[in-house]
Structure formats: structure tokens, C-alpha cells
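As provided, work_38.txt (compact mmCIF, C-alpha atoms and all ligand atoms) reads as follows.
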# COMPACT_ATOMS: atom_id res chain seq x y z
CA MET H 603 224.36 -170.09 14.43
CA VAL H 604 225.52 -166.99 16.29
CA ASP H 605 223.15 -164.22 17.39
CA GLN H 606 223.69 -160.55 16.56
CA ALA H 607 224.78 -159.63 20.10
CA THR H 608 227.52 -162.25 19.93
CA ILE H 609 228.59 -161.08 16.49
CA ASP H 610 228.82 -157.56 17.90
CA ARG H 611 231.02 -158.80 20.78
CA LEU H 612 233.26 -160.72 18.39
CA ARG H 613 233.52 -157.75 16.02
CA ALA H 614 234.46 -155.44 18.90
CA ALA H 615 237.16 -157.84 20.12
CA ALA H 616 238.53 -158.25 16.60
CA HIS H 617 238.53 -154.49 16.07
CA ALA H 618 240.30 -153.92 19.40
CA ALA H 619 242.96 -156.49 18.50
CA GLY H 620 243.34 -154.92 15.10
CA SER H 621 244.03 -151.53 16.61
CA VAL H 622 246.96 -152.75 18.71
CA ALA H 623 248.18 -156.04 17.25
CA CYS H 624 247.77 -155.93 13.48
CA TYR H 625 251.16 -156.09 11.77
CA PRO H 626 250.55 -156.28 8.01
CA ARG H 627 254.03 -154.94 7.28
CA TYR H 628 254.53 -156.56 3.88
CA SER H 629 251.10 -157.07 2.36
CA GLY H 630 249.25 -154.14 3.85
CA PHE H 631 246.28 -156.52 4.08
CA ARG H 632 244.68 -156.10 7.49
CA VAL H 633 242.78 -159.09 8.84
CA THR H 634 241.20 -159.27 12.27
CA ALA H 635 239.45 -162.12 14.00
CA ALA H 636 237.91 -163.17 17.29
CA VAL H 637 236.96 -166.47 18.85
CA LEU H 638 234.13 -167.45 21.18
CA THR H 639 235.06 -169.97 23.85
CA ALA H 640 233.20 -172.63 25.80
CA THR H 641 232.93 -170.16 28.70
CA ASP H 642 231.37 -167.47 26.46
CA ASP H 643 234.52 -165.37 26.48
CA VAL H 644 235.84 -163.66 23.36
CA TYR H 645 239.44 -163.10 22.33
CA GLY H 646 240.62 -161.05 19.41
CA GLY H 647 243.54 -161.43 17.05
CA ALA H 648 245.10 -159.87 13.99
CA ASN H 649 247.52 -160.92 11.31
CA VAL H 650 251.20 -160.64 12.17
CA GLU H 651 253.51 -160.81 9.19
CA VAL H 652 257.13 -161.95 9.25
CA VAL H 653 259.70 -161.01 6.65
CA ASN H 654 260.06 -164.53 5.24
CA TYR H 655 256.25 -164.75 4.84
CA SER H 656 256.01 -168.43 5.82
CA LEU H 657 256.19 -167.62 9.53
CA THR H 658 253.33 -165.15 9.26
CA LYS H 659 250.48 -165.77 11.71
CA HIS H 660 246.94 -165.27 10.54
CA ALA H 661 244.34 -163.38 12.56
CA GLU H 662 242.32 -166.53 13.27
CA GLU H 663 245.45 -168.20 14.65
CA THR H 664 246.42 -165.31 16.91
CA ALA H 665 242.85 -165.05 18.22
CA ALA H 666 242.76 -168.77 19.03
CA LEU H 667 246.20 -168.58 20.60
CA ALA H 668 245.11 -165.62 22.74
CA ALA H 669 242.23 -167.76 24.02
CA ILE H 670 244.57 -170.67 24.70
CA ALA H 671 247.01 -168.40 26.52
CA ALA H 672 244.09 -167.23 28.68
CA GLY H 673 243.24 -170.83 29.61
CA ALA H 674 240.67 -172.03 27.05
CA LEU H 675 242.10 -175.55 27.12
CA GLN H 676 241.20 -175.79 30.79
CA HIS H 677 237.64 -176.41 29.58
CA GLY H 678 238.53 -179.25 27.23
CA ASP H 679 240.16 -179.66 23.85
CA ALA H 680 237.02 -178.61 21.97
CA TRP H 681 236.46 -175.11 23.33
CA LEU H 682 236.03 -173.06 20.14
CA ARG H 683 232.32 -172.33 19.55
CA ALA H 684 232.66 -169.62 16.93
CA VAL H 685 235.21 -167.59 15.04
CA TYR H 686 234.65 -164.19 13.46
CA VAL H 687 236.87 -163.03 10.60
CA HIS H 688 237.13 -159.64 8.93
CA THR H 689 237.51 -159.33 5.90
CA ALA H 690 237.89 -162.69 4.18
CA ALA H 691 237.06 -166.35 4.64
CA PRO H 692 239.63 -168.34 6.63
CA CYS H 693 242.35 -169.91 4.49
CA GLY H 694 242.72 -173.68 4.35
CA SER H 695 245.49 -173.69 6.91
CA CYS H 696 243.39 -171.74 9.42
CA ARG H 697 240.40 -174.02 8.86
CA GLN H 698 242.53 -176.98 9.90
CA PHE H 699 244.07 -175.04 12.81
CA LEU H 700 240.64 -174.01 14.12
CA TRP H 701 239.28 -177.54 13.65
CA GLU H 702 241.77 -178.77 16.25
CA PHE H 703 239.87 -176.87 18.98
CA ALA H 704 236.36 -176.59 17.54
CA VAL H 705 233.14 -178.04 18.86
CA HIS H 706 231.39 -180.17 16.24
CA ASP H 707 228.98 -177.38 15.26
CA ALA H 708 231.40 -174.45 15.49
CA VAL H 709 230.36 -171.44 13.44
CA VAL H 710 232.49 -169.25 11.19
CA VAL H 711 231.23 -165.67 10.85
CA ILE H 712 232.72 -163.92 7.85
CA ASP H 713 232.43 -160.12 7.77
CA ARG H 714 233.30 -159.39 4.18
CA ARG H 715 234.81 -156.28 2.68
CA ASP H 716 231.50 -155.41 1.01
CA GLY H 717 229.72 -155.44 4.37
CA GLN H 718 227.99 -158.79 3.93
CA VAL H 719 228.11 -160.96 7.03
CA THR H 720 227.68 -164.68 6.50
CA GLN H 721 227.69 -167.66 8.84
CA GLN H 722 228.67 -171.22 8.04
CA ARG H 723 229.61 -174.26 10.05
CA LEU H 724 233.34 -174.89 10.15
CA ALA H 725 232.50 -178.48 9.17
CA GLU H 726 231.03 -177.12 5.92
CA LEU H 727 234.20 -175.16 5.21
CA LEU H 728 236.43 -178.14 6.00
CA PRO H 729 234.67 -181.27 4.77
CA ASP H 730 236.30 -184.60 5.61
CA PRO H 731 238.93 -183.01 7.88
CA PHE H 732 242.09 -184.58 9.24
CA ASP H 733 240.69 -185.03 12.74
CA PRO H 734 242.56 -185.35 16.06
CA SER H 735 240.72 -188.64 16.61
CA GLU H 736 242.75 -190.15 13.77
CA LEU H 737 245.94 -190.13 15.83
CA PRO H 738 246.57 -191.58 19.27
CA ASP H 739 246.53 -189.10 22.15
CA ARG H 740 250.04 -189.28 23.59
CA ARG H 741 249.64 -186.55 26.19
CA ILE H 742 250.86 -187.35 29.66
CA LYS H 743 248.04 -186.34 31.96
CA GLY H 744 248.51 -184.24 35.05
CA THR H 745 251.76 -182.55 34.12
CA SER H 746 250.52 -179.21 32.90
CA GLU H 747 252.94 -177.43 35.23
CA ASP H 748 255.90 -179.31 33.74
CA SER H 749 257.81 -177.68 30.93
ZN ZN W 801 244.70 -168.35 7.50
Using C-alpha cells, write down the structure from this file.
Amino acid sequence: MVDQATIDRLRAAAHAAGSVACYPRYSGFRVTAAVLTATDDVYGGANVEVVNYSLTKHAEETAALAAIAAGALQHGDAWLRAVYVHTAAPCGSCRQFLWEFAVHDAVVVIDRRDGQVTQQRLAELLPDPFDPSELPDRRIKGTSEDS
């Protein structure tokens, strides 16, 4: 599980992201998140809503994408060690999204509205997941500069 100092770092990153990047224009429901990477870095995110709703990005997604944009994949596909979410458990879609990049014992820290902070393994929240190992890896190696 995650120690208190790490939770504090994740909470601070989530809060910082929430203060500049939260865009709950339609629901008014503010969600912030942060991820812990293989290199012990933290990246925050917040929900960003889009008028048609289905294109809305959840806080867990934007936090993970911030880490990816900063180079998290340079340390392997499974770089996500922990995710912190305030104020609700990750939805099913986010559980699958996070699973794509999670180490096998990745931890989900949920900082609930009532102040309770709980920790669970992502594997417990997403039992019997659709795993990347179930599909062939069709990446072409060594072309990361191509686009
Ligand atoms: Zn979600």
C-alpha cells in the first residue's frame, strides 16, 4: 500500500491540478486525481467536461495522460504504481484505462467526500480484467520519433 507521505504528495498534486485544470462545466462535480509513476514522480489531473458529455475526460485519465506526456512510458508499459482520487471511486471505464499502465499491485487511494481515505489494489477493483496480454503487441519498435 501507499505511505502517508506519498498520499500527501498525491493529494497536493491532485489539488494543484484541480485549481487550474478542473472544468466541471455541466455537472459541477469536481474530481481531482494524481498518479505515482515508476520513477516516483506524481502528476495531477482533473475532470474536463465536454458539452456532449461522452467526450468528457475523467480526472484519473487526465492525470495518467499528464504522466504519459511527461515520458512515463519511457520506463515501460507498466509504470503506474498508484492513483489517488478525490472524491469518489474510479468509474469502470477509468479502472480499465488505468489497468493498461498499472503494475500488478498498483494501489488506488480513494479520498472520499466524508474524509475517509481508503486504499485498495486496482486488481481488486477490476477483477478478471481485459488485459493487454490478451491481444498481440503490434507496435513497431524503435520509431517513437515517427508520427
Ligand atoms: Zn472515470
Per-residue nearest contacts stretch 603-649 of chain H to stretch 656-664 of chain H, cut-off 6 Å, using only C-alpha atoms, as JSON lines:
{"residue": "H:Val633", "atom": "CA", "partner": "H:Ala661", "partner_atom": "CA", "distance": 5.9}
{"residue": "H:Thr634", "atom": "CA", "partner": "H:Ala661", "partner_atom": "CA", "distance": 5.2}
{"residue": "H:Ala635", "atom": "CA", "partner": "H:Ala661", "partner_atom": "CA", "distance": 5.3}
{"residue": "H:Gly647", "atom": "CA", "partner": "H:Thr664", "partner_atom": "CA", "distance": 4.8}
{"residue": "H:Ala648", "atom": "CA", "partner": "H:Ala661", "partner_atom": "CA", "distance": 3.9}
{"residue": "H:Asn649", "atom": "CA", "partner": "H:Ala661", "partner_atom": "CA", "distance": 4.2}
For each of H:Asp679, H:Phe631, H:Ala619, H:Leu667, take the minimum atom-to-atom distance to H:Arg741, counting all atoms listed in the file, then give the residue where this is smallest. H:Asp679
Counting only C-alpha atoms and all ligand atoms, which protein, DNA or RNA residues come within 7 Å of ligand ZN 801 (chain W), given as an MDAnalysis selection string? chainID H and resid 660 662 692:696
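The residue that comes closest to H:Val705, out of H:Val604, H:Trp681, H:Arg613, H:Val637 and on the basis of all atoms listed in the file, is H:Trp681.
Here atom CA of H:Lys743 stands at a distance of 29.2 Å from atom CA of H:Ala636.
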Which is closest to H:Arg632 among H:Val653, H:Gln676, H:Arg715, H:Trp701, if we use only C-alpha atoms? H:Arg715
Quick one: distance from atom CA of H:Ala669 to atom CA of H:Val711 in Å, one decimal? 17.3 Å
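The coordinates place atom CA of H:Leu682 at 14.5 Å from atom CA of H:Pro734.
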If I put a ball of radius 6 Å at (250.8, -159.0, 4.5) in the file's coordinates, which residues poke into it when counting all atoms listed in the file, written as number ranges by chain? H: 626-631, 651
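The smallest atom-to-atom distance between H:Gln721 and any of H:Tyr686, H:Tyr655, H:Ala607, H:Ala668, using only C-alpha atoms, is found for H:Tyr686.
Across H:Ala615, H:Val644, H:Ala680, H:Val687, the tightest approach to H:Ser735 is made by H:Ala680 when counting all atoms listed in the file.
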